[in-house]
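Q: Here you go, upload-v8.txt (compact mmCIF, C-alpha atoms and all ligand atoms):
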# COMPACT_ATOMS: atom_id res chain seq x y z
CA MET A 1 50.12 5.19 41.09
CA LEU A 2 50.28 1.81 39.42
CA ARG A 3 46.61 1.23 40.16
CA THR A 4 45.74 4.60 38.61
CA SER A 5 47.68 3.82 35.39
CA ILE A 6 45.94 0.50 35.00
CA GLY A 7 42.64 2.27 35.67
CA TRP A 8 43.22 4.79 32.89
CA ALA A 9 44.41 2.08 30.52
CA SER A 10 41.16 0.19 31.12
CA VAL A 11 39.07 3.29 30.47
CA LEU A 12 40.94 4.01 27.23
CA LEU A 13 40.64 0.39 26.10
CA CYS A 14 36.93 0.37 26.82
CA ALA A 15 36.49 3.66 24.97
CA ALA A 16 38.34 2.28 21.96
CA MET A 17 36.24 -0.89 21.94
CA PHE A 18 33.03 1.12 22.21
CA ALA A 19 34.10 3.33 19.28
CA ASN A 20 34.83 0.27 17.13
CA ALA A 21 31.48 -1.27 18.02
CA ALA A 22 29.69 1.97 17.14
CA GLN A 23 31.48 2.17 13.78
CA ALA A 24 30.67 -1.45 12.98
CA GLN A 25 26.98 -0.99 13.71
CA ALA A 26 24.90 -0.51 10.54
CA PRO A 27 22.67 2.57 10.43
CA ALA A 28 19.21 1.78 11.83
CA ARG A 29 16.65 0.90 9.17
CA PRO A 30 13.89 3.51 9.10
CA GLU A 31 10.44 2.20 10.05
CA PHE A 32 9.10 3.06 6.59
CA ALA A 33 10.55 4.14 3.27
CA ALA A 34 9.63 4.68 -0.39
CA THR A 35 12.19 3.41 -2.91
CA LYS A 36 12.16 3.56 -6.69
CA VAL A 37 12.47 0.17 -8.37
CA GLU A 38 15.78 0.11 -10.22
CA GLY A 39 15.52 0.37 -13.99
CA THR A 40 12.00 1.85 -13.96
CA ASP A 41 10.89 5.47 -14.48
CA ASN A 42 7.99 5.51 -12.08
CA VAL A 43 7.52 2.27 -10.11
CA TYR A 44 8.10 2.48 -6.36
CA ILE A 45 7.98 0.24 -3.32
CA PHE A 46 6.59 1.60 -0.07
CA ARG A 47 7.80 -0.48 2.87
CA ASN A 48 6.37 -0.16 6.36
CA GLY A 49 8.15 -2.44 8.82
CA GLY A 50 7.98 -5.97 7.44
CA HIS A 51 5.27 -5.23 4.86
CA GLN A 52 5.50 -3.51 1.49
CA ALA A 53 3.41 -2.38 -1.47
CA MET A 54 3.94 -1.10 -5.01
CA PHE A 55 2.89 2.30 -6.31
CA ILE A 56 3.21 3.87 -9.74
CA VAL A 57 3.48 7.60 -10.42
CA THR A 58 2.04 8.57 -13.82
CA SER A 59 1.50 11.89 -15.61
CA GLU A 60 -2.21 11.74 -14.67
CA GLY A 61 -1.94 10.53 -11.10
CA VAL A 62 -0.81 7.76 -8.80
CA ILE A 63 -1.88 4.12 -8.70
CA ALA A 64 -1.20 2.84 -5.17
CA THR A 65 -1.63 -0.63 -3.71
CA ASP A 66 -2.03 -2.07 -0.18
CA PRO A 67 -1.91 0.55 2.67
CA VAL A 68 0.19 -1.89 4.82
CA ALA A 69 -0.78 -0.19 8.09
CA TYR A 70 -2.00 -2.99 10.38
CA GLY A 71 -1.46 -1.91 14.00
CA LYS A 72 -0.13 1.46 12.80
CA PRO A 73 -2.75 4.18 13.22
CA ASN A 74 -0.66 6.67 11.20
CA GLY A 75 0.60 4.14 8.67
CA GLY A 76 -1.84 5.03 5.90
CA GLN A 77 -1.04 8.73 6.25
CA ASP A 78 2.70 7.96 6.36
CA TYR A 79 2.31 6.16 3.03
CA VAL A 80 0.32 9.05 1.50
CA SER A 81 2.95 11.51 2.81
CA ALA A 82 5.74 9.42 1.26
CA ILE A 83 3.94 9.62 -2.09
CA ARG A 84 3.55 13.39 -1.61
CA GLN A 85 7.34 13.69 -1.22
CA ILE A 86 7.65 12.33 -4.76
CA THR A 87 4.68 13.86 -6.58
CA ASP A 88 1.76 16.22 -6.11
CA LYS A 89 -0.33 14.32 -8.68
CA PRO A 90 -3.64 13.02 -7.31
CA ILE A 91 -3.78 9.50 -5.88
CA LYS A 92 -6.41 8.05 -8.19
CA TYR A 93 -6.51 4.41 -7.17
CA LEU A 94 -5.78 2.16 -4.21
CA ILE A 95 -5.78 -1.52 -5.20
CA TYR A 96 -5.93 -4.26 -2.56
CA SER A 97 -3.88 -7.41 -3.19
CA HIS A 98 -6.25 -9.52 -1.03
CA HIS A 99 -8.40 -9.14 2.07
CA HIS A 100 -5.88 -9.80 4.91
CA TYR A 101 -5.68 -6.82 7.26
CA ASP A 102 -1.90 -6.89 7.65
CA HIS A 103 -1.76 -5.66 4.04
CA ILE A 104 -4.90 -3.54 3.66
CA ALA A 105 -5.60 -1.82 7.00
CA GLY A 106 -5.15 1.94 6.80
CA GLY A 107 -6.92 2.86 3.56
CA LYS A 108 -8.79 5.85 5.00
CA ALA A 109 -5.94 8.25 4.27
CA PHE A 110 -6.15 7.23 0.61
CA LYS A 111 -9.94 7.65 0.53
CA ASP A 112 -9.54 11.09 2.09
CA ALA A 113 -7.02 11.91 -0.64
CA GLY A 114 -9.66 11.02 -3.23
CA ALA A 115 -8.59 7.51 -4.26
CA THR A 116 -11.00 4.91 -5.62
CA VAL A 117 -10.46 1.60 -3.80
CA ILE A 118 -10.43 -1.48 -6.04
CA ALA A 119 -10.31 -5.15 -4.98
CA HIS A 120 -11.43 -8.60 -6.02
CA ARG A 121 -15.17 -9.16 -5.41
CA ARG A 122 -14.49 -11.51 -2.47
CA VAL A 123 -12.77 -8.71 -0.55
CA LYS A 124 -15.95 -6.66 -0.24
CA GLU A 125 -17.99 -9.75 0.61
CA ARG A 126 -15.62 -10.65 3.43
CA LEU A 127 -14.94 -7.14 4.77
CA SER A 128 -18.65 -6.27 4.87
CA VAL A 129 -19.25 -9.07 7.36
CA LEU A 130 -16.13 -8.46 9.46
CA ASN A 131 -16.57 -4.68 9.72
CA ASP A 132 -12.97 -3.95 10.80
CA PRO A 133 -12.71 -0.33 12.03
CA HIS A 134 -9.32 0.19 10.34
CA THR A 135 -10.13 -1.26 6.93
CA VAL A 136 -11.94 0.66 4.19
CA LEU A 137 -14.41 -1.19 1.95
CA PRO A 138 -13.63 -1.31 -1.77
CA ASP A 139 -15.50 1.12 -4.02
CA GLU A 140 -15.20 -1.13 -7.05
CA SER A 141 -15.02 -4.91 -7.25
CA VAL A 142 -13.08 -6.92 -9.83
CA SER A 143 -14.78 -10.02 -11.20
CA ASP A 144 -12.98 -13.34 -11.67
CA GLU A 145 -12.23 -12.26 -15.24
CA GLY A 146 -9.89 -9.55 -13.94
CA ARG A 147 -9.50 -5.95 -15.07
CA THR A 148 -6.89 -3.58 -16.46
CA VAL A 149 -6.40 -0.21 -14.75
CA LYS A 150 -4.96 2.40 -17.14
CA LEU A 151 -3.66 5.80 -16.13
CA GLY A 152 -1.19 8.24 -17.71
CA GLY A 153 0.40 5.68 -20.03
CA THR A 154 0.67 2.95 -17.38
CA SER A 155 -1.34 -0.28 -17.45
CA VAL A 156 -1.80 -2.46 -14.39
CA GLU A 157 -3.38 -5.81 -15.26
CA LEU A 158 -5.30 -7.27 -12.31
CA LYS A 159 -5.31 -11.06 -12.67
CA TYR A 160 -7.46 -13.45 -10.67
CA PHE A 161 -6.43 -17.08 -10.90
CA GLY A 162 -8.80 -18.57 -8.32
CA LEU A 163 -8.09 -19.80 -4.80
CA SER A 164 -4.48 -19.50 -3.63
CA HIS A 165 -3.06 -17.74 -0.55
CA SER A 166 -6.66 -16.53 -0.01
CA ASP A 167 -9.85 -16.57 -2.05
CA SER A 168 -9.41 -12.89 -2.97
CA SER A 169 -5.80 -12.64 -4.17
CA LEU A 170 -5.10 -10.53 -7.26
CA VAL A 171 -1.76 -10.59 -9.06
CA MET A 172 -0.84 -7.19 -10.48
CA LEU A 173 1.14 -7.22 -13.71
CA LEU A 174 2.91 -4.21 -15.24
CA PRO A 175 3.32 -5.54 -18.79
CA LYS A 176 5.56 -2.71 -20.01
CA GLU A 177 7.93 -2.97 -17.04
CA LYS A 178 7.65 -6.79 -16.84
CA ILE A 179 7.04 -6.58 -13.10
CA VAL A 180 4.47 -8.47 -11.00
CA PHE A 181 3.29 -7.57 -7.53
CA ALA A 182 2.10 -10.75 -5.81
CA VAL A 183 1.47 -10.76 -2.07
CA ASP A 184 2.04 -13.67 0.31
CA ILE A 185 1.60 -16.43 -2.27
CA LEU A 186 5.23 -16.19 -3.44
CA PRO A 187 7.61 -15.32 -0.60
CA VAL A 188 11.03 -14.64 -2.11
CA GLY A 189 13.63 -17.14 -0.92
CA GLN A 190 11.71 -17.73 2.30
CA VAL A 191 9.78 -20.61 3.84
CA PRO A 192 6.03 -19.87 4.12
CA GLY A 193 4.59 -19.82 7.63
CA ARG A 194 1.64 -18.22 9.38
CA GLY A 195 0.11 -17.12 6.07
CA LEU A 196 -0.80 -20.75 5.41
CA ILE A 197 -3.71 -20.40 7.83
CA ASP A 198 -5.86 -19.23 4.89
CA PHE A 199 -4.28 -21.24 2.08
CA TYR A 200 -5.69 -23.59 -0.56
CA PRO A 201 -2.83 -26.01 -1.24
CA LEU A 202 -3.90 -27.73 -4.46
CA GLU A 203 -5.35 -24.60 -6.06
CA ALA A 204 -2.25 -22.60 -5.04
CA GLU A 205 -0.04 -24.84 -7.18
CA ASP A 206 -2.20 -24.08 -10.24
CA PHE A 207 -2.19 -20.41 -9.31
CA ILE A 208 1.62 -20.28 -9.21
CA LYS A 209 1.85 -22.06 -12.57
CA LYS A 210 -0.45 -19.40 -14.04
CA VAL A 211 1.72 -16.63 -12.57
CA LEU A 212 4.80 -18.31 -14.04
CA ALA A 213 3.12 -18.33 -17.46
CA LEU A 214 2.77 -14.52 -17.44
CA ASP A 215 5.39 -12.36 -19.14
CA TRP A 216 7.47 -10.83 -16.32
CA GLU A 217 11.03 -10.70 -15.08
CA ARG A 218 10.83 -9.29 -11.56
CA LEU A 219 8.50 -9.98 -8.65
CA ILE A 220 7.73 -7.49 -5.89
CA PRO A 221 6.68 -9.52 -2.83
CA GLY A 222 4.38 -8.27 -0.05
CA HIS A 223 7.15 -8.81 2.52
CA PRO A 224 10.74 -7.74 1.79
CA GLY A 225 12.90 -10.57 0.51
CA PRO A 226 16.40 -11.28 1.87
CA ASN A 227 18.39 -8.01 1.51
CA ASP A 228 15.27 -6.46 -0.04
CA ARG A 229 15.89 -8.30 -3.28
CA LEU A 230 13.05 -8.75 -5.76
CA GLY A 231 12.03 -12.20 -6.93
CA SER A 232 12.61 -13.97 -10.23
CA LYS A 233 10.79 -16.74 -12.04
CA GLN A 234 13.33 -19.09 -10.47
CA ASP A 235 12.15 -17.96 -7.02
CA ALA A 236 8.54 -18.64 -8.00
CA GLN A 237 9.54 -22.05 -9.35
CA ASP A 238 11.45 -22.80 -6.12
CA GLN A 239 8.44 -21.86 -3.99
CA LEU A 240 6.19 -24.10 -6.07
CA GLN A 241 8.67 -26.93 -5.64
CA LEU A 242 8.82 -26.45 -1.87
CA LEU A 243 5.03 -26.70 -1.66
CA GLN A 244 4.96 -29.74 -3.92
CA GLU A 245 7.67 -31.48 -1.89
CA ALA A 246 5.92 -30.73 1.41
CA SER A 247 2.65 -32.01 0.01
CA ALA A 248 4.20 -35.20 -1.39
CA ALA A 249 6.04 -35.91 1.87
CA ILE A 250 3.01 -35.45 4.13
CA LYS A 251 0.43 -37.21 1.92
CA PRO A 252 1.51 -40.83 2.68
CA LEU A 253 2.08 -40.02 6.36
CA ALA A 254 -1.41 -38.52 6.63
CA GLN A 255 -2.97 -41.46 4.85
CA ALA A 256 -1.15 -43.78 7.28
CA GLY A 257 -2.87 -42.01 10.18
CA LYS A 258 0.12 -39.93 11.35
CA CYS A 259 -1.74 -36.56 11.39
CA TRP A 260 -1.96 -34.37 13.31
CA GLU A 261 0.70 -36.12 15.35
CA PRO A 262 3.41 -37.24 15.04
CA VAL A 263 3.70 -35.27 11.74
CA GLU A 264 3.20 -31.87 13.37
CA LYS A 265 6.01 -32.62 15.82
CA GLU A 266 8.45 -34.39 13.55
CA PHE A 267 8.04 -33.05 10.01
CA LYS A 268 11.20 -31.61 8.42
CA LEU A 269 12.19 -30.30 4.98
CA PRO A 270 16.00 -30.42 5.35
CA LYS A 271 16.63 -29.14 1.81
CA TYR A 272 15.28 -25.74 2.95
CA GLU A 273 16.83 -25.55 6.41
CA ASN A 274 19.01 -22.58 5.42
CA TRP A 275 16.09 -20.52 4.13
CA PRO A 276 14.79 -17.74 6.39
CA GLY A 277 11.62 -18.77 8.21
CA TYR A 278 12.44 -22.50 8.18
CA THR A 279 12.06 -23.27 11.89
CA SER A 280 9.03 -21.07 12.45
CA GLY A 281 7.36 -22.12 9.19
CA LEU A 282 7.54 -25.92 9.53
CA PRO A 283 4.64 -26.32 12.00
CA PHE A 284 2.35 -24.26 9.75
CA ILE A 285 3.33 -26.33 6.69
CA ALA A 286 2.76 -29.57 8.60
CA ARG A 287 -0.61 -28.43 9.90
CA ARG A 288 -1.85 -27.22 6.52
CA TYR A 289 -0.89 -30.37 4.61
CA CYS A 290 -2.08 -32.60 7.46
CA GLY A 291 -5.37 -30.73 7.05
CA LEU A 292 -5.42 -31.48 3.34
CA TRP A 293 -4.31 -35.13 3.29
CA GLY A 294 -5.33 -36.17 6.81
CA ARG A 295 -8.73 -34.46 7.05
CA GLY A 296 -9.71 -33.58 3.49
CA THR A 297 -9.81 -29.87 4.22
ZN ZN B 301 -2.16 -12.64 3.38
Let me see whether you can do it: turn the structure in this file into structure tokens.
A:
Amino acid sequence: MLRTSIGWASVLLCAAMFANAAQAQAPARPEFAATKVEGTDNVYIFRNGGHQAMFIVTSEGVIATDPVAYGKPNGGQDYVSAIRQITDKPIKYLIYSHHHYDHIAGGKAFKDAGATVIAHRRVKERLSVLNDPHTVLPDESVSDEGRTVKLGGTSVELKYFGLSHSDSSLVMLLPKEKIVFAVDILPVGQVPGRGLIDFYPLEAEDFIKKVLALDWERLIPGHPGPNDRLGSKQDAQDQLQLLQEASAAIKPLAQAGKCWEPVEKEFKLPKYENWPGYTSGLPFIARRYCGLWGRGT
């Protein structure tokens, strides 16, 4: 009898603990979602996993950016369907931020919906050679002078500031809303990492200074920031400073013959150790700046 009572008590205790744990657990984050940007009438973010893009719904149609469907065969269609939940206006444009597949794979669903695909001229040059089965070639190329796309009272200014996170990166400015969409070059409150594989360190500093000189208040990054927050000019300034500090720290070590090792093994940026991506990002930072100052690449 005693054993039975203890048995039941254990079961009840376990049940109670399980219920508490279930209550404490946050609802699972959906794989993809479209969210209106606070304080705007018609600017949205479509997020698919750890990637995101901006789209704008106007009276004459939709301006979409980056399909964000790498490794997701239905991702482009999911994005189009998410737009269709909000509006039945035609999707007129799909603008690529740069040529990296993790942001631009999946454009076919947009082409099928009638969109014109726009990108910097280097995107078409690169994609034509690579011939990726999941990535649609641009229909129209933007020269280094940039271009403004206008539709239904919305202007999207496509700015090209030279080499940066890639050689094909466009910054998209909504002058009326004072919002910029900049992908991979300005991670919000995060340490850069793998993206530095195709990164031009000296030119990127100039690029960020040119972005800072534009008139904007909020930055939509290509990967969600901590708690999905948007970036500010302070975030862009902080990212520039991180890059400058990494560069300045590695330069004398590289010139003293310490690259690739021991720099790749020992390099630290303790000021940023609480930023997301610190541990995983350090080796990529060390390798890129060892490449610059230790090899001249
Ligand atoms: Zn990229």
Q: Give me, as a PyMOL selection string, the set of residues whose atoms come within 12 Å of any atom of ligand ZN 301 (chain B), counting only C-alpha atoms and all ligand atoms.
A: chain A and resi 51+66+68+70+96-105+123+164-170+182-187+192-199+221-223
Q: CA of Gln237 (chain A) and CA of Val156 (chain A), how far apart in Å?
A: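 Rounded to one decimal, the two atoms are 23.2 Å apart.
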Q: Can you find the residues with an atom no farther than 8 Å from (9.3, -13.9, -15.2), counting all atoms listed in the file, and report them as a list of chain:residue names?
A: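 These residues have at least one counted atom within 8 Å: A:Lys178, A:Ile179, A:Leu212, A:Ala213, A:Leu214, A:Asp215, A:Trp216, A:Glu217, A:Arg218, A:Leu219, A:Ser232, A:Lys233.
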Q: Do you have the CA of Glu38 (chain A)-CA of Ile91 (chain A) distance handy?
A: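 CA of Ile91 (chain A) lies 22.1 Å from CA of Glu38 (chain A).
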Q: Would you kindly identify which residues have an atom no farther than 10 Å from (8.4, -25.5, -2.1), using only C-alpha atoms and the file's own coordinates, and write them out as an NGL selection string?
A: :A and (186 or 189-192 or 205 or 235-247 or 269 or 271-272)
Q: Could you write out the selected residues, including C-alpha atoms, as an mmCIF file, keeping the file's coordinate frame?
A:
data_model
loop_
_atom_site.group_PDB
_atom_site.id
_atom_site.type_symbol
_atom_site.label_atom_id
_atom_site.label_comp_id
_atom_site.auth_asym_id
_atom_site.auth_seq_id
_atom_site.Cartn_x
_atom_site.Cartn_y
_atom_site.Cartn_z
ATOM 1 C CA LEU A 186 5.230 -16.190 -3.440
ATOM 2 C CA GLY A 189 13.630 -17.140 -0.920
ATOM 3 C CA GLN A 190 11.710 -17.730 2.300
ATOM 4 C CA VAL A 191 9.780 -20.610 3.840
ATOM 5 C CA PRO A 192 6.030 -19.870 4.120
ATOM 6 C CA GLU A 205 -0.040 -24.840 -7.180
ATOM 7 C CA ASP A 235 12.150 -17.960 -7.020
ATOM 8 C CA ALA A 236 8.540 -18.640 -8.000
ATOM 9 C CA GLN A 237 9.540 -22.050 -9.350
ATOM 10 C CA ASP A 238 11.450 -22.800 -6.120
ATOM 11 C CA GLN A 239 8.440 -21.860 -3.990
ATOM 12 C CA LEU A 240 6.190 -24.100 -6.070
ATOM 13 C CA GLN A 241 8.670 -26.930 -5.640
ATOM 14 C CA LEU A 242 8.820 -26.450 -1.870
ATOM 15 C CA LEU A 243 5.030 -26.700 -1.660
ATOM 16 C CA GLN A 244 4.960 -29.740 -3.920
ATOM 17 C CA GLU A 245 7.670 -31.480 -1.890
ATOM 18 C CA ALA A 246 5.920 -30.730 1.410
ATOM 19 C CA SER A 247 2.650 -32.010 0.010
ATOM 20 C CA LEU A 269 12.190 -30.300 4.980
ATOM 21 C CA LYS A 271 16.630 -29.140 1.810
ATOM 22 C CA TYR A 272 15.280 -25.740 2.950
#
Q: With distances taken over all atoms listed in the file, which residue among A:Gly296, A:Lys92, A:Pro224, A:Arg147 lies nearest Ala53 (chain A)?
A: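 Among the listed residues, the smallest separation from Ala53 (chain A) belongs to A:Pro224.
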Q: Using only C-alpha atoms, which of A:Thr58, A:Phe46, A:Leu292, A:Tyr278 sits nearest Lys251 (chain A)?
A: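 Using only C-alpha atoms, the shortest distance to Lys251 (chain A) belongs to A:Leu292.
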Q: In Å, rounded to a single decimal, give me how far CA of Gly162 (chain A) is from CA of Val211 (chain A).
A: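 Separating CA of Val211 (chain A) from CA of Gly162 (chain A) is a distance of 11.5 Å.
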Q: Near Arg229 (chain A), counting only C-alpha atoms, which residues have an atom at most 9 Å away, once you skip same-chain residues fewer than 4 positions from it, shown as a PyMOL selection string?
A: chain A and resi 188+220+224-225
Q: Residues at most 7 Å from Thr116 (chain A), counting all atoms listed in the file, excluding those fewer than 2 positions away in the same chain, as an MDAnalysis selection string?
A: chainID A and resid 92:94 111 114 118 139
Q: Considering only C-alpha atoms, can you say which of A:Pro252, A:Val149, A:Pro226, A:Phe267 comes closest to Gly50 (chain A)?
A: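 Between A:Pro252, A:Val149, A:Pro226, A:Phe267, the residue approaching Gly50 (chain A) most closely is A:Pro226.
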Q: Using all atoms listed in the file, which of the listed residues (A:Phe32, A:Phe181, A:Phe55, A:Phe110) sits closest to Val80 (chain A)?
A: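 Residue with the minimum atom-to-atom distance to Val80 (chain A): A:Phe110.
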Q: Build an axis-aligned box that encloses every atom of region 56-66 of chain A listed in the file, pad it by 4 Å on each side, and report its centre and edge lengths in Å to one decimal, as JSON.
A:
{"center_x": 0.6, "center_y": 4.9, "center_z": -7.9, "size_x": 13.7, "size_y": 22.0, "size_z": 23.4}
Q: Which is closer to Gln85 (chain A) than all the others in A:Ala34, A:Ala249, A:Cys259, A:Gly281, using only C-alpha atoms?
A: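 Closest residue, counting only C-alpha atoms: A:Ala34.
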Q: Applying 6 Å and only C-alpha atoms, which residues near Pro67 (chain A) remain after dropping the ones on its own chain fewer than 5 positions away? List them as an mmCIF file with C-alpha atoms, keeping the file's coordinate frame.
A:
data_model
loop_
_atom_site.group_PDB
_atom_site.id
_atom_site.type_symbol
_atom_site.label_atom_id
_atom_site.label_comp_id
_atom_site.auth_asym_id
_atom_site.auth_seq_id
_atom_site.Cartn_x
_atom_site.Cartn_y
_atom_site.Cartn_z
ATOM 1 C CA GLY A 76 -1.840 5.030 5.900
ATOM 2 C CA ILE A 104 -4.900 -3.540 3.660
ATOM 3 C CA GLY A 106 -5.150 1.940 6.800
ATOM 4 C CA GLY A 107 -6.920 2.860 3.560
#
Q: For Ala254 (chain A), list every protein, DNA or RNA residue within 10 Å, evaluated using all atoms listed in the file, and leave out those in the same chain fewer than 6 positions away; present the list as a list in words.
A: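 Within the cut-off, the hits are Trp260, Glu261, Pro262, Val263, Tyr289, Cys290, Gly291, Leu292, Trp293, Gly294 and Arg295 of chain A.
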Q: Please produce an output containing C-alpha atoms for each residue in the selection, written as a PDB file, in the coordinates of the input.
A:
ATOM      1  CA  TRP A 260      -1.960 -34.370  13.310  1.00  0.00           C
ATOM      2  CA  GLU A 261       0.700 -36.120  15.350  1.00  0.00           C
ATOM      3  CA  PRO A 262       3.410 -37.240  15.040  1.00  0.00           C
ATOM      4  CA  VAL A 263       3.700 -35.270  11.740  1.00  0.00           C
ATOM      5  CA  TYR A 289      -0.890 -30.370   4.610  1.00  0.00           C
ATOM      6  CA  CYS A 290      -2.080 -32.600   7.460  1.00  0.00           C
ATOM      7  CA  GLY A 291      -5.370 -30.730   7.050  1.00  0.00           C
ATOM      8  CA  LEU A 292      -5.420 -31.480   3.340  1.00  0.00           C
ATOM      9  CA  TRP A 293      -4.310 -35.130   3.290  1.00  0.00           C
ATOM     10  CA  GLY A 294      -5.330 -36.170   6.810  1.00  0.00           C
ATOM     11  CA  ARG A 295      -8.730 -34.460   7.050  1.00  0.00           C
TER      12      ARG A 295
END
Q: Could you list, as a ChimeraX atom specification, every residue within 7 Å of Lys36 (chain A), counting all atoms listed in the file and ignoring same-chain residues fewer than 6 positions away?
A: /A:43-45
Q: For Thr40 (chain A), which residue among A:Lys124, A:Val57, A:Asp78, A:Tyr160 is the nearest when counting all atoms listed in the file?
A: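 That would be A:Val57, the residue with the smallest distance to Thr40 (chain A).
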Q: Is it possible to produce a file of region 171-182 of chain A from this structure, with N, CA and C atoms, as a tab-separated table (two decimals), in the first residue's frame?
A:
chain	number	residue	atom	x	y	z
A	171	VAL	N	22.53	48.00	-52.52
A	171	VAL	CA	21.79	48.43	-51.33
A	171	VAL	C	20.48	49.01	-51.84
A	172	MET	N	19.37	48.65	-51.22
A	172	MET	CA	18.07	49.14	-51.66
A	172	MET	C	17.54	50.14	-50.63
A	173	LEU	N	17.31	51.35	-51.11
A	173	LEU	CA	16.87	52.44	-50.21
A	173	LEU	C	15.43	52.82	-50.54
A	174	LEU	N	14.59	52.85	-49.50
A	174	LEU	CA	13.23	53.40	-49.63
A	174	LEU	C	13.29	54.80	-49.03
A	175	PRO	N	13.43	55.82	-49.88
A	175	PRO	CA	13.68	57.17	-49.34
A	175	PRO	C	12.52	57.71	-48.52
A	176	LYS	N	11.29	57.40	-48.94
A	176	LYS	CA	10.12	57.91	-48.21
A	176	LYS	C	10.03	57.28	-46.83
A	177	GLU	N	10.29	55.98	-46.76
A	177	GLU	CA	10.16	55.25	-45.49
A	177	GLU	C	11.43	55.30	-44.66
A	178	LYS	N	12.51	55.81	-45.26
A	178	LYS	CA	13.84	55.87	-44.61
A	178	LYS	C	14.28	54.49	-44.12
A	179	ILE	N	14.12	53.52	-45.04
A	179	ILE	CA	14.53	52.14	-44.74
A	179	ILE	C	15.55	51.69	-45.79
A	180	VAL	N	16.59	50.98	-45.36
A	180	VAL	CA	17.48	50.32	-46.32
A	180	VAL	C	17.42	48.81	-46.12
A	181	PHE	N	17.52	48.11	-47.24
A	181	PHE	CA	17.66	46.65	-47.23
A	181	PHE	C	19.08	46.37	-47.73
A	182	ALA	N	19.91	45.87	-46.84
A	182	ALA	CA	21.31	45.59	-47.19
A	182	ALA	C	21.63	44.18	-46.69
